[in-house]
Structure formats: C-alpha cells, structure tokens
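Student: Structure file data-v7.cif (mmCIF, N, CA and C atoms) right here:
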```
data_model
loop_
_atom_site.group_PDB
_atom_site.id
_atom_site.type_symbol
_atom_site.label_atom_id
_atom_site.label_comp_id
_atom_site.auth_asym_id
_atom_site.auth_seq_id
_atom_site.Cartn_x
_atom_site.Cartn_y
_atom_site.Cartn_z
ATOM 1 N N ASP I 232 117.792 70.821 181.234
ATOM 2 C CA ASP I 232 117.407 70.016 180.077
ATOM 3 C C ASP I 232 117.713 70.769 178.785
ATOM 4 N N MET I 233 118.083 70.030 177.790
ATOM 5 C CA MET I 233 118.380 70.627 176.489
ATOM 6 C C MET I 233 117.092 70.978 175.753
ATOM 7 N N ALA I 234 117.132 72.096 175.043
ATOM 8 C CA ALA I 234 115.981 72.545 174.260
ATOM 9 C C ALA I 234 115.837 71.698 173.001
ATOM 10 N N VAL I 235 114.622 71.208 172.777
ATOM 11 C CA VAL I 235 114.312 70.437 171.574
ATOM 12 C C VAL I 235 113.008 70.965 170.977
ATOM 13 N N SER I 236 112.703 70.538 169.770
ATOM 14 C CA SER I 236 111.492 70.963 169.086
ATOM 15 C C SER I 236 110.271 70.730 169.971
ATOM 16 N N GLY I 237 109.409 71.734 170.052
ATOM 17 C CA GLY I 237 108.220 71.669 170.898
ATOM 18 C C GLY I 237 108.380 72.407 172.212
ATOM 19 N N ASP I 238 109.628 72.590 172.668
ATOM 20 C CA ASP I 238 109.873 73.321 173.912
ATOM 21 C C ASP I 238 109.735 74.820 173.687
ATOM 22 N N GLU I 239 109.384 75.531 174.754
ATOM 23 C CA GLU I 239 109.429 76.987 174.727
ATOM 24 C C GLU I 239 110.725 77.413 175.400
ATOM 25 N N VAL I 240 111.390 78.400 174.790
ATOM 26 C CA VAL I 240 112.683 78.849 175.282
ATOM 27 C C VAL I 240 112.608 80.354 175.501
ATOM 28 N N LEU I 241 113.018 80.806 176.690
ATOM 29 C CA LEU I 241 113.080 82.232 176.987
ATOM 30 C C LEU I 241 114.486 82.699 176.660
ATOM 31 N N ILE I 242 114.582 83.638 175.706
ATOM 32 C CA ILE I 242 115.903 84.049 175.229
ATOM 33 C C ILE I 242 116.069 85.558 175.247
ATOM 34 N N ARG I 243 117.338 85.952 175.309
ATOM 35 C CA ARG I 243 117.745 87.320 175.027
ATOM 36 C C ARG I 243 118.765 87.219 173.918
ATOM 37 N N GLU I 244 118.826 88.211 173.049
ATOM 38 C CA GLU I 244 119.733 88.117 171.911
ATOM 39 C C GLU I 244 120.247 89.476 171.495
ATOM 40 N N THR I 245 121.382 89.437 170.821
ATOM 41 C CA THR I 245 121.946 90.606 170.161
ATOM 42 C C THR I 245 122.268 90.190 168.741
ATOM 43 N N THR I 246 121.760 90.940 167.783
ATOM 44 C CA THR I 246 122.010 90.671 166.369
ATOM 45 C C THR I 246 122.857 91.800 165.806
ATOM 46 N N SER I 247 123.932 91.424 165.100
ATOM 47 C CA SER I 247 124.861 92.397 164.536
ATOM 48 C C SER I 247 125.292 91.943 163.148
ATOM 49 N N TYR I 248 125.862 92.897 162.402
ATOM 50 C CA TYR I 248 126.602 92.523 161.201
ATOM 51 C C TYR I 248 127.971 92.028 161.645
ATOM 52 N N ARG I 249 128.710 91.383 160.740
ATOM 53 C CA ARG I 249 130.032 90.861 161.094
ATOM 54 C C ARG I 249 131.025 91.969 161.422
ATOM 55 N N ASP I 250 130.771 93.199 160.979
ATOM 56 C CA ASP I 250 131.682 94.306 161.318
ATOM 57 C C ASP I 250 131.400 94.885 162.706
ATOM 58 N N GLY I 251 130.433 94.294 163.419
ATOM 59 C CA GLY I 251 130.129 94.737 164.778
ATOM 60 C C GLY I 251 128.974 95.716 164.873
ATOM 61 N N THR I 252 128.439 96.179 163.752
ATOM 62 C CA THR I 252 127.300 97.100 163.779
ATOM 63 C C THR I 252 126.096 96.381 164.382
ATOM 64 N N GLU I 253 125.633 96.884 165.532
ATOM 65 C CA GLU I 253 124.509 96.252 166.217
ATOM 66 C C GLU I 253 123.196 96.642 165.553
ATOM 67 N N LEU I 254 122.377 95.654 165.272
ATOM 68 C CA LEU I 254 121.086 95.871 164.632
ATOM 69 C C LEU I 254 119.944 95.802 165.636
ATOM 70 N N TYR I 255 120.088 94.940 166.627
ATOM 71 C CA TYR I 255 119.019 94.724 167.601
ATOM 72 C C TYR I 255 119.624 94.074 168.834
ATOM 73 N N SER I 256 119.129 94.457 169.998
ATOM 74 C CA SER I 256 119.533 93.760 171.208
ATOM 75 C C SER I 256 118.478 93.909 172.290
ATOM 76 N N ASN I 257 118.172 92.810 172.948
ATOM 77 C CA ASN I 257 117.394 92.856 174.184
ATOM 78 C C ASN I 257 118.192 92.151 175.280
ATOM 79 N N GLU I 258 119.518 92.109 175.074
ATOM 80 C CA GLU I 258 120.398 91.368 175.979
ATOM 81 C C GLU I 258 120.314 91.875 177.415
ATOM 82 N N ASN I 259 120.124 93.172 177.608
ATOM 83 C CA ASN I 259 120.073 93.737 178.955
ATOM 84 C C ASN I 259 118.651 93.952 179.449
ATOM 85 N N SER I 260 117.686 93.418 178.716
ATOM 86 C CA SER I 260 116.279 93.545 179.096
ATOM 87 C C SER I 260 115.946 92.541 180.194
ATOM 88 N N SER I 261 115.012 92.912 181.050
ATOM 89 C CA SER I 261 114.546 91.963 182.061
ATOM 90 C C SER I 261 113.410 91.109 181.502
ATOM 91 N N ASN I 262 113.005 91.375 180.251
ATOM 92 C CA ASN I 262 111.915 90.624 179.632
ATOM 93 C C ASN I 262 112.425 89.829 178.435
ATOM 94 N N PRO I 263 112.822 88.568 178.654
ATOM 95 C CA PRO I 263 113.276 87.761 177.524
ATOM 96 C C PRO I 263 112.122 87.477 176.561
ATOM 97 N N ILE I 264 112.477 87.095 175.354
ATOM 98 C CA ILE I 264 111.507 86.722 174.331
ATOM 99 C C ILE I 264 111.222 85.230 174.498
ATOM 100 N N LYS I 265 109.944 84.848 174.393
ATOM 101 C CA LYS I 265 109.593 83.427 174.452
ATOM 102 C C LYS I 265 109.370 82.925 173.034
ATOM 103 N N VAL I 266 110.102 81.893 172.663
ATOM 104 C CA VAL I 266 109.914 81.279 171.351
ATOM 105 C C VAL I 266 109.649 79.791 171.538
ATOM 106 N N LYS I 267 108.831 79.252 170.654
ATOM 107 C CA LYS I 267 108.569 77.814 170.662
ATOM 108 C C LYS I 267 109.344 77.195 169.510
ATOM 109 N N LEU I 268 110.222 76.266 169.837
ATOM 110 C CA LEU I 268 111.013 75.610 168.802
ATOM 111 C C LEU I 268 110.101 74.740 167.937
ATOM 112 N N GLY I 269 110.328 74.787 166.638
ATOM 113 C CA GLY I 269 109.535 74.000 165.709
ATOM 114 C C GLY I 269 108.246 74.667 165.273
ATOM 115 N N ALA I 270 108.028 75.918 165.688
ATOM 116 C CA ALA I 270 106.768 76.612 165.377
ATOM 117 C C ALA I 270 106.975 77.781 164.413
ATOM 118 N N ASN I 271 108.116 77.807 163.721
ATOM 119 C CA ASN I 271 108.418 78.879 162.767
ATOM 120 C C ASN I 271 108.334 80.268 163.391
ATOM 121 N N MET I 272 108.758 80.384 164.642
ATOM 122 C CA MET I 272 108.738 81.676 165.332
ATOM 123 C C MET I 272 110.046 82.435 165.166
ATOM 124 N N VAL I 273 111.112 81.728 164.792
ATOM 125 C CA VAL I 273 112.424 82.346 164.596
ATOM 126 C C VAL I 273 112.981 81.857 163.265
ATOM 127 N N THR I 274 114.049 82.492 162.806
ATOM 128 C CA THR I 274 114.657 82.080 161.544
ATOM 129 C C THR I 274 115.287 80.693 161.694
ATOM 130 N N GLU I 275 115.539 80.058 160.580
ATOM 131 C CA GLU I 275 116.131 78.724 160.573
ATOM 132 C C GLU I 275 117.460 78.708 161.331
ATOM 133 N N GLY I 276 118.270 79.747 161.138
ATOM 134 C CA GLY I 276 119.560 79.804 161.817
ATOM 135 C C GLY I 276 119.425 79.862 163.324
ATOM 136 N N VAL I 277 118.478 80.668 163.827
ATOM 137 C CA VAL I 277 118.266 80.774 165.275
ATOM 138 C C VAL I 277 117.681 79.471 165.816
ATOM 139 N N GLU I 278 116.759 78.878 165.070
ATOM 140 C CA GLU I 278 116.173 77.585 165.474
ATOM 141 C C GLU I 278 117.275 76.539 165.657
ATOM 142 N N GLU I 279 118.173 76.444 164.688
ATOM 143 C CA GLU I 279 119.277 75.489 164.776
ATOM 144 C C GLU I 279 120.185 75.816 165.958
ATOM 145 N N GLY I 280 120.437 77.112 166.167
ATOM 146 C CA GLY I 280 121.321 77.523 167.258
ATOM 147 C C GLY I 280 120.750 77.240 168.629
ATOM 148 N N LEU I 281 119.442 77.422 168.798
ATOM 149 C CA LEU I 281 118.808 77.200 170.099
ATOM 150 C C LEU I 281 118.664 75.720 170.435
ATOM 151 N N THR I 282 118.512 74.885 169.422
ATOM 152 C CA THR I 282 118.326 73.453 169.654
ATOM 153 C C THR I 282 119.553 72.891 170.369
ATOM 154 N N GLY I 283 119.311 72.236 171.475
ATOM 155 C CA GLY I 283 120.391 71.640 172.255
ATOM 156 C C GLY I 283 120.945 72.536 173.341
ATOM 157 N N MET I 284 120.508 73.806 173.383
ATOM 158 C CA MET I 284 120.996 74.701 174.435
ATOM 159 C C MET I 284 120.272 74.420 175.749
ATOM 160 N N ARG I 285 120.911 74.823 176.838
ATOM 161 C CA ARG I 285 120.343 74.690 178.178
ATOM 162 C C ARG I 285 120.199 76.069 178.805
ATOM 163 N N ALA I 286 119.394 76.161 179.864
ATOM 164 C CA ALA I 286 119.247 77.407 180.621
ATOM 165 C C ALA I 286 120.630 77.872 181.063
ATOM 166 N N GLY I 287 120.902 79.169 180.884
ATOM 167 C CA GLY I 287 122.189 79.735 181.251
ATOM 168 C C GLY I 287 123.200 79.687 180.121
ATOM 169 N N GLY I 288 122.852 79.013 179.037
ATOM 170 C CA GLY I 288 123.768 78.879 177.914
ATOM 171 C C GLY I 288 123.862 80.152 177.091
ATOM 172 N N ILE I 289 125.045 80.375 176.534
ATOM 173 C CA ILE I 289 125.290 81.497 175.634
ATOM 174 C C ILE I 289 125.945 80.931 174.386
ATOM 175 N N ARG I 290 125.452 81.321 173.237
ATOM 176 C CA ARG I 290 126.001 80.823 171.980
ATOM 177 C C ARG I 290 126.038 81.978 170.995
ATOM 178 N N GLU I 291 127.161 82.109 170.295
ATOM 179 C CA GLU I 291 127.261 83.125 169.257
ATOM 180 C C GLU I 291 127.250 82.419 167.907
ATOM 181 N N LEU I 292 126.306 82.811 167.066
ATOM 182 C CA LEU I 292 126.113 82.183 165.771
ATOM 183 C C LEU I 292 126.567 83.124 164.667
ATOM 184 N N ILE I 293 127.185 82.571 163.651
ATOM 185 C CA ILE I 293 127.430 83.291 162.403
ATOM 186 C C ILE I 293 126.411 82.701 161.436
ATOM 187 N N VAL I 294 125.409 83.500 161.063
ATOM 188 C CA VAL I 294 124.266 82.982 160.322
ATOM 189 C C VAL I 294 124.280 83.517 158.891
ATOM 190 N N PRO I 295 124.533 82.640 157.908
ATOM 191 C CA PRO I 295 124.510 83.077 156.516
ATOM 192 C C PRO I 295 123.114 83.543 156.118
ATOM 193 N N HIS I 296 123.054 84.416 155.129
ATOM 194 C CA HIS I 296 121.781 85.027 154.755
ATOM 195 C C HIS I 296 120.716 84.006 154.395
ATOM 196 N N ASP I 297 121.100 82.846 153.848
ATOM 197 C CA ASP I 297 120.072 81.893 153.420
ATOM 198 C C ASP I 297 119.345 81.221 154.585
ATOM 199 N N VAL I 298 119.918 81.227 155.790
ATOM 200 C CA VAL I 298 119.196 80.696 156.954
ATOM 201 C C VAL I 298 118.845 81.793 157.959
ATOM 202 N N ALA I 299 119.112 83.047 157.568
ATOM 203 C CA ALA I 299 118.727 84.186 158.399
ATOM 204 C C ALA I 299 117.492 84.868 157.813
ATOM 205 N N LYS I 300 116.923 84.279 156.769
ATOM 206 C CA LYS I 300 115.807 84.908 156.062
ATOM 207 C C LYS I 300 114.623 85.141 156.989
ATOM 208 N N ARG I 301 114.051 86.321 156.866
ATOM 209 C CA ARG I 301 112.850 86.690 157.611
ATOM 210 C C ARG I 301 111.777 87.070 156.606
ATOM 211 N N THR I 302 110.531 86.999 157.040
ATOM 212 C CA THR I 302 109.459 87.473 156.166
ATOM 213 C C THR I 302 109.391 88.996 156.227
ATOM 214 N N PHE I 303 109.839 89.580 157.337
ATOM 215 C CA PHE I 303 109.816 91.031 157.491
ATOM 216 C C PHE I 303 111.206 91.487 157.913
ATOM 217 N N TYR I 304 111.750 92.457 157.227
ATOM 218 C CA TYR I 304 113.046 93.006 157.591
ATOM 219 C C TYR I 304 112.876 94.420 158.109
ATOM 220 N N PRO I 305 113.419 94.700 159.308
ATOM 221 C CA PRO I 305 113.457 96.098 159.742
ATOM 222 C C PRO I 305 114.279 96.902 158.726
ATOM 223 N N ASP I 306 114.036 98.186 158.654
ATOM 224 C CA ASP I 306 114.723 99.028 157.679
ATOM 225 C C ASP I 306 116.242 98.967 157.805
ATOM 226 N N ASN I 307 116.754 98.640 158.996
ATOM 227 C CA ASN I 307 118.203 98.665 159.202
ATOM 228 C C ASN I 307 118.870 97.319 158.917
ATOM 229 N N VAL I 308 118.128 96.312 158.425
ATOM 230 C CA VAL I 308 118.715 94.999 158.176
ATOM 231 C C VAL I 308 118.651 94.664 156.692
ATOM 232 N N SER I 309 119.805 94.412 156.103
ATOM 233 C CA SER I 309 119.865 94.013 154.705
ATOM 234 C C SER I 309 119.513 92.535 154.590
ATOM 235 N N PRO I 310 118.582 92.155 153.712
ATOM 236 C CA PRO I 310 118.145 90.769 153.631
ATOM 237 C C PRO I 310 119.184 89.802 153.085
ATOM 238 N N ASP I 311 120.261 90.311 152.479
ATOM 239 C CA ASP I 311 121.263 89.411 151.909
ATOM 240 C C ASP I 311 122.565 89.407 152.711
ATOM 241 N N SER I 312 122.487 89.747 153.984
ATOM 242 C CA SER I 312 123.707 89.842 154.783
ATOM 243 C C SER I 312 123.836 88.677 155.747
ATOM 244 N N THR I 313 125.089 88.320 156.045
ATOM 245 C CA THR I 313 125.386 87.361 157.102
ATOM 246 C C THR I 313 125.263 88.093 158.432
ATOM 247 N N LEU I 314 124.608 87.462 159.396
ATOM 248 C CA LEU I 314 124.389 88.085 160.698
ATOM 249 C C LEU I 314 125.133 87.327 161.785
ATOM 250 N N VAL I 315 125.546 88.063 162.819
ATOM 251 C CA VAL I 315 126.121 87.474 164.021
ATOM 252 C C VAL I 315 125.046 87.592 165.088
ATOM 253 N N ILE I 316 124.633 86.459 165.627
ATOM 254 C CA ILE I 316 123.544 86.464 166.607
ATOM 255 C C ILE I 316 124.041 85.805 167.894
ATOM 256 N N LYS I 317 124.051 86.582 168.963
ATOM 257 C CA LYS I 317 124.414 86.064 170.284
ATOM 258 C C LYS I 317 123.117 85.694 170.994
ATOM 259 N N LEU I 318 122.992 84.428 171.370
ATOM 260 C CA LEU I 318 121.803 83.937 172.054
ATOM 261 C C LEU I 318 122.130 83.631 173.508
ATOM 262 N N ILE I 319 121.268 84.078 174.408
ATOM 263 C CA ILE I 319 121.387 83.776 175.834
ATOM 264 C C ILE I 319 120.082 83.109 176.243
ATOM 265 N N VAL I 320 120.163 81.886 176.747
ATOM 266 C CA VAL I 320 118.959 81.159 177.150
ATOM 267 C C VAL I 320 118.726 81.377 178.640
ATOM 268 N N ASP I 321 117.601 81.999 178.975
ATOM 269 C CA ASP I 321 117.235 82.202 180.373
ATOM 270 C C ASP I 321 116.573 80.957 180.959
ATOM 271 N N GLU I 322 115.719 80.323 180.148
ATOM 272 C CA GLU I 322 114.963 79.194 180.674
ATOM 273 C C GLU I 322 114.476 78.328 179.521
ATOM 274 N N VAL I 323 114.411 77.019 179.744
ATOM 275 C CA VAL I 323 113.838 76.074 178.793
ATOM 276 C C VAL I 323 112.591 75.477 179.453
ATOM 277 N N LEU I 324 111.451 75.696 178.826
ATOM 278 C CA LEU I 324 110.177 75.160 179.333
ATOM 279 C C LEU I 324 109.858 73.927 178.516
ATOM 280 N N LYS I 325 110.005 72.751 179.125
ATOM 281 C CA LYS I 325 109.855 71.492 178.406
ATOM 282 C C LYS I 325 108.386 71.260 178.012
ATOM 283 N N ALA I 326 108.203 70.834 176.765
ATOM 284 C CA ALA I 326 106.855 70.602 176.251
ATOM 285 C C ALA I 326 106.174 69.427 176.929
ATOM 286 N N ASN I 327 106.962 68.458 177.391
ATOM 287 C CA ASN I 327 106.380 67.223 177.928
ATOM 288 C C ASN I 327 106.132 67.259 179.432
ATOM 289 N N LYS I 328 106.161 68.457 180.018
ATOM 290 C CA LYS I 328 105.936 68.521 181.482
ATOM 291 C C LYS I 328 104.624 69.208 181.772
#
```
Could you render the structure from this file as structure tokens?

Tutor:
Amino acid sequence: DMAVSGDEVLIRETTSYRDGTELYSNENSSNPIKVKLGANMVTEGVEEGLTGMRAGGIRELIVPHDVAKRTFYPDNVSPDSTLVIKLIVDEVLKANK
C-alpha cells in the first residue's frame, strides 16, 4: 500500500550535500526510524518524498533549503543548503487498519 497522511512509515535514510559529503545515515542500521506522515515529524521535503512510497521503495530527493528547514540543525548541517536525501521504506503501517 502507498504511504499517505496518517500512516506510520519505517524508513532508513542518508542525507548528503550535493557534492556527496554525507551528513547523516542510518541506511545500514537494523533499526529504521518510524515517522507518522502529517504529524510534522519530518521536514516538508521528506514528507512530500515519502508520500506515495511503498514498502521496499527507494527514492532519492534533491531538497531545496526552503523545504529542508528544520527547527534544530546539527552542527554539520548548513541551514541554507540544498540536501540530497535517499529514502528507503522498510514498511508502511496503514492508519486505517
């Protein structure tokens, strides 16, 4: 099933600058992150990217700074930079089940 607002999605991701500098990755972790779509748990760019994905899906996003905005930036992430975010969906937990 495709991920829609209200669903919980188990994801792994790698975030980089466009020059390939890796900022964060849990891609090889056995513990995916659980996010609920529509609950302001991820940036606007990631929310848009995850919507419509299915379990097993991989999507690479080029996210402009205006939709990559976070309330908290790790020291290694510039708040005005375009980010490349690779999303891997492990599982989609449907809200209506």

Student: Select from range 234-321 of chain I everything DSSP, run on the backbone, classes as strand (DSSP E or B), then give the selection as number ranges by chain.

Tutor: I: 239-248, 253-256, 264-267, 289-294, 314-321

Student: For Asn262 in chain I, which residue among I:Ala299, I:Asp306, I:Lys325, I:Ile242 is the nearest when counting all atoms listed in the file?

Tutor: I:Ile242

Student: Ranking I:Asp250, I:Asp232, I:Glu244, I:Glu275 by minimum distance to Ser312 in chain I and counting only C-alpha atoms, which one comes first?

Tutor: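 That would be I:Asp250, the residue with the smallest distance to Ser312 in chain I.
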
Student: Name the residues that the PyMOL selection byres ((chain I and resi 257) around 7) picks from the file above, as a PDB file with N, CA and C atoms, in the frame of the given file, using the file's chain letters and numbers.

Tutor:
```pdb
ATOM      1  N   ILE I 242     114.582  83.638 175.706  1.00  0.00           N
ATOM      2  CA  ILE I 242     115.903  84.049 175.229  1.00  0.00           C
ATOM      3  C   ILE I 242     116.069  85.558 175.247  1.00  0.00           C
ATOM      4  N   ARG I 243     117.338  85.952 175.309  1.00  0.00           N
ATOM      5  CA  ARG I 243     117.745  87.320 175.027  1.00  0.00           C
ATOM      6  C   ARG I 243     118.765  87.219 173.918  1.00  0.00           C
ATOM      7  N   GLU I 244     118.826  88.211 173.049  1.00  0.00           N
ATOM      8  CA  GLU I 244     119.733  88.117 171.911  1.00  0.00           C
ATOM      9  C   GLU I 244     120.247  89.476 171.495  1.00  0.00           C
ATOM     10  N   THR I 245     121.382  89.437 170.821  1.00  0.00           N
ATOM     11  CA  THR I 245     121.946  90.606 170.161  1.00  0.00           C
ATOM     12  C   THR I 245     122.268  90.190 168.741  1.00  0.00           C
ATOM     13  N   THR I 246     121.760  90.940 167.783  1.00  0.00           N
ATOM     14  CA  THR I 246     122.010  90.671 166.369  1.00  0.00           C
ATOM     15  C   THR I 246     122.857  91.800 165.806  1.00  0.00           C
ATOM     16  N   TYR I 255     120.088  94.940 166.627  1.00  0.00           N
ATOM     17  CA  TYR I 255     119.019  94.724 167.601  1.00  0.00           C
ATOM     18  C   TYR I 255     119.624  94.074 168.834  1.00  0.00           C
ATOM     19  N   SER I 256     119.129  94.457 169.998  1.00  0.00           N
ATOM     20  CA  SER I 256     119.533  93.760 171.208  1.00  0.00           C
ATOM     21  C   SER I 256     118.478  93.909 172.290  1.00  0.00           C
ATOM     22  N   GLU I 258     119.518  92.109 175.074  1.00  0.00           N
ATOM     23  CA  GLU I 258     120.398  91.368 175.979  1.00  0.00           C
ATOM     24  C   GLU I 258     120.314  91.875 177.415  1.00  0.00           C
ATOM     25  N   ASN I 259     120.124  93.172 177.608  1.00  0.00           N
ATOM     26  CA  ASN I 259     120.073  93.737 178.955  1.00  0.00           C
ATOM     27  C   ASN I 259     118.651  93.952 179.449  1.00  0.00           C
ATOM     28  N   SER I 260     117.686  93.418 178.716  1.00  0.00           N
ATOM     29  CA  SER I 260     116.279  93.545 179.096  1.00  0.00           C
ATOM     30  C   SER I 260     115.946  92.541 180.194  1.00  0.00           C
ATOM     31  N   SER I 261     115.012  92.912 181.050  1.00  0.00           N
ATOM     32  CA  SER I 261     114.546  91.963 182.061  1.00  0.00           C
ATOM     33  C   SER I 261     113.410  91.109 181.502  1.00  0.00           C
ATOM     34  N   ASN I 262     113.005  91.375 180.251  1.00  0.00           N
ATOM     35  CA  ASN I 262     111.915  90.624 179.632  1.00  0.00           C
ATOM     36  C   ASN I 262     112.425  89.829 178.435  1.00  0.00           C
ATOM     37  N   PRO I 263     112.822  88.568 178.654  1.00  0.00           N
ATOM     38  CA  PRO I 263     113.276  87.761 177.524  1.00  0.00           C
ATOM     39  C   PRO I 263     112.122  87.477 176.561  1.00  0.00           C
TER      40      PRO I 263
END
```

Student: For this file, the PyMOL selection byres ((chain I and resi 276) around 7) selects which residues, as a PDB file with N, CA and C atoms, keeping the file's coordinate frame?

Tutor:
```pdb
ATOM      1  N   VAL I 273     111.112  81.728 164.792  1.00  0.00           N
ATOM      2  CA  VAL I 273     112.424  82.346 164.596  1.00  0.00           C
ATOM      3  C   VAL I 273     112.981  81.857 163.265  1.00  0.00           C
ATOM      4  N   THR I 274     114.049  82.492 162.806  1.00  0.00           N
ATOM      5  CA  THR I 274     114.657  82.080 161.544  1.00  0.00           C
ATOM      6  C   THR I 274     115.287  80.693 161.694  1.00  0.00           C
ATOM      7  N   GLU I 275     115.539  80.058 160.580  1.00  0.00           N
ATOM      8  CA  GLU I 275     116.131  78.724 160.573  1.00  0.00           C
ATOM      9  C   GLU I 275     117.460  78.708 161.331  1.00  0.00           C
ATOM     10  N   VAL I 277     118.478  80.668 163.827  1.00  0.00           N
ATOM     11  CA  VAL I 277     118.266  80.774 165.275  1.00  0.00           C
ATOM     12  C   VAL I 277     117.681  79.471 165.816  1.00  0.00           C
ATOM     13  N   GLU I 278     116.759  78.878 165.070  1.00  0.00           N
ATOM     14  CA  GLU I 278     116.173  77.585 165.474  1.00  0.00           C
ATOM     15  C   GLU I 278     117.275  76.539 165.657  1.00  0.00           C
ATOM     16  N   GLU I 279     118.173  76.444 164.688  1.00  0.00           N
ATOM     17  CA  GLU I 279     119.277  75.489 164.776  1.00  0.00           C
ATOM     18  C   GLU I 279     120.185  75.816 165.958  1.00  0.00           C
ATOM     19  N   GLY I 280     120.437  77.112 166.167  1.00  0.00           N
ATOM     20  CA  GLY I 280     121.321  77.523 167.258  1.00  0.00           C
ATOM     21  C   GLY I 280     120.750  77.240 168.629  1.00  0.00           C
ATOM     22  N   LEU I 281     119.442  77.422 168.798  1.00  0.00           N
ATOM     23  CA  LEU I 281     118.808  77.200 170.099  1.00  0.00           C
ATOM     24  C   LEU I 281     118.664  75.720 170.435  1.00  0.00           C
ATOM     25  N   VAL I 294     125.409  83.500 161.063  1.00  0.00           N
ATOM     26  CA  VAL I 294     124.266  82.982 160.322  1.00  0.00           C
ATOM     27  C   VAL I 294     124.280  83.517 158.891  1.00  0.00           C
ATOM     28  N   PRO I 295     124.533  82.640 157.908  1.00  0.00           N
ATOM     29  CA  PRO I 295     124.510  83.077 156.516  1.00  0.00           C
ATOM     30  C   PRO I 295     123.114  83.543 156.118  1.00  0.00           C
ATOM     31  N   ASP I 297     121.100  82.846 153.848  1.00  0.00           N
ATOM     32  CA  ASP I 297     120.072  81.893 153.420  1.00  0.00           C
ATOM     33  C   ASP I 297     119.345  81.221 154.585  1.00  0.00           C
ATOM     34  N   VAL I 298     119.918  81.227 155.790  1.00  0.00           N
ATOM     35  CA  VAL I 298     119.196  80.696 156.954  1.00  0.00           C
ATOM     36  C   VAL I 298     118.845  81.793 157.959  1.00  0.00           C
ATOM     37  N   ALA I 299     119.112  83.047 157.568  1.00  0.00           N
ATOM     38  CA  ALA I 299     118.727  84.186 158.399  1.00  0.00           C
ATOM     39  C   ALA I 299     117.492  84.868 157.813  1.00  0.00           C
ATOM     40  N   LYS I 300     116.923  84.279 156.769  1.00  0.00           N
ATOM     41  CA  LYS I 300     115.807  84.908 156.062  1.00  0.00           C
ATOM     42  C   LYS I 300     114.623  85.141 156.989  1.00  0.00           C
TER      43      LYS I 300
END
```

Student: Among chain I, which residues carry a DSSP assignment of alpha helix (DSSP H), reported as a PyMOL selection string?

Tutor: chain I and resi 275-281

Student: Mind checking which residues fall within 12 Å of Thr282 in chain I, counting only C-alpha atoms, ignoring those fewer than 5 positions away in the same chain, and posting them as a list of chain:residue names?

Tutor: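 In the requested format, the answer is I:Asp232, I:Met233, I:Ala234, I:Val235, I:Ser236, I:Gly237, I:Asp238, I:Glu239, I:Val240, I:Val266, I:Lys267, I:Leu268, I:Gly269, I:Val273, I:Glu275, I:Gly276, I:Val277, I:Gly288, I:Arg290, I:Leu318, I:Val320, I:Val323.
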
Student: In Å, how far is it from atom C of Lys265 in chain I to atom C of Asp311 in chain I?

Tutor: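 Separation between atom C of Lys265 in chain I and atom C of Asp311 in chain I: 25.1 Å.
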
Student: Translate the PyMOL selection byres (((chain I and resi 248 and name CA) around 10) and name CA) into a concrete residue list for this structure, as an mmCIF file with N, CA and C atoms, in the coordinates of the input.

Tutor:
```
data_model
loop_
_atom_site.group_PDB
_atom_site.id
_atom_site.type_symbol
_atom_site.label_atom_id
_atom_site.label_comp_id
_atom_site.auth_asym_id
_atom_site.auth_seq_id
_atom_site.Cartn_x
_atom_site.Cartn_y
_atom_site.Cartn_z
ATOM 1 N N THR I 246 121.760 90.940 167.783
ATOM 2 C CA THR I 246 122.010 90.671 166.369
ATOM 3 C C THR I 246 122.857 91.800 165.806
ATOM 4 N N SER I 247 123.932 91.424 165.100
ATOM 5 C CA SER I 247 124.861 92.397 164.536
ATOM 6 C C SER I 247 125.292 91.943 163.148
ATOM 7 N N ARG I 249 128.710 91.383 160.740
ATOM 8 C CA ARG I 249 130.032 90.861 161.094
ATOM 9 C C ARG I 249 131.025 91.969 161.422
ATOM 10 N N ASP I 250 130.771 93.199 160.979
ATOM 11 C CA ASP I 250 131.682 94.306 161.318
ATOM 12 C C ASP I 250 131.400 94.885 162.706
ATOM 13 N N GLY I 251 130.433 94.294 163.419
ATOM 14 C CA GLY I 251 130.129 94.737 164.778
ATOM 15 C C GLY I 251 128.974 95.716 164.873
ATOM 16 N N THR I 252 128.439 96.179 163.752
ATOM 17 C CA THR I 252 127.300 97.100 163.779
ATOM 18 C C THR I 252 126.096 96.381 164.382
ATOM 19 N N GLU I 253 125.633 96.884 165.532
ATOM 20 C CA GLU I 253 124.509 96.252 166.217
ATOM 21 C C GLU I 253 123.196 96.642 165.553
ATOM 22 N N LEU I 254 122.377 95.654 165.272
ATOM 23 C CA LEU I 254 121.086 95.871 164.632
ATOM 24 C C LEU I 254 119.944 95.802 165.636
ATOM 25 N N ILE I 293 127.185 82.571 163.651
ATOM 26 C CA ILE I 293 127.430 83.291 162.403
ATOM 27 C C ILE I 293 126.411 82.701 161.436
ATOM 28 N N VAL I 294 125.409 83.500 161.063
ATOM 29 C CA VAL I 294 124.266 82.982 160.322
ATOM 30 C C VAL I 294 124.280 83.517 158.891
ATOM 31 N N VAL I 308 118.128 96.312 158.425
ATOM 32 C CA VAL I 308 118.715 94.999 158.176
ATOM 33 C C VAL I 308 118.651 94.664 156.692
ATOM 34 N N SER I 309 119.805 94.412 156.103
ATOM 35 C CA SER I 309 119.865 94.013 154.705
ATOM 36 C C SER I 309 119.513 92.535 154.590
ATOM 37 N N SER I 312 122.487 89.747 153.984
ATOM 38 C CA SER I 312 123.707 89.842 154.783
ATOM 39 C C SER I 312 123.836 88.677 155.747
ATOM 40 N N THR I 313 125.089 88.320 156.045
ATOM 41 C CA THR I 313 125.386 87.361 157.102
ATOM 42 C C THR I 313 125.263 88.093 158.432
ATOM 43 N N LEU I 314 124.608 87.462 159.396
ATOM 44 C CA LEU I 314 124.389 88.085 160.698
ATOM 45 C C LEU I 314 125.133 87.327 161.785
ATOM 46 N N VAL I 315 125.546 88.063 162.819
ATOM 47 C CA VAL I 315 126.121 87.474 164.021
ATOM 48 C C VAL I 315 125.046 87.592 165.088
ATOM 49 N N ILE I 316 124.633 86.459 165.627
ATOM 50 C CA ILE I 316 123.544 86.464 166.607
ATOM 51 C C ILE I 316 124.041 85.805 167.894
#
```

Student: Output as AutoDock Vina command-line options the centre and edge lengths (Å, one decimal) of the box along x, y and z of the file that holds every listed atom of range 288-291 of chain I after adding 4 Å on each side.

Tutor:
```
--center_x 125.1 --center_y 81.0 --center_z 173.5 --size_x 12.4 --size_y 12.2 --size_z 19.1
```

Student: Kindly give the distance, in Å, that separates atom N of Ile289 in chain I and atom C of Glu322 in chain I, rounded to a single decimal.

Tutor: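 Rounded to one decimal, the two atoms are 11.2 Å apart.
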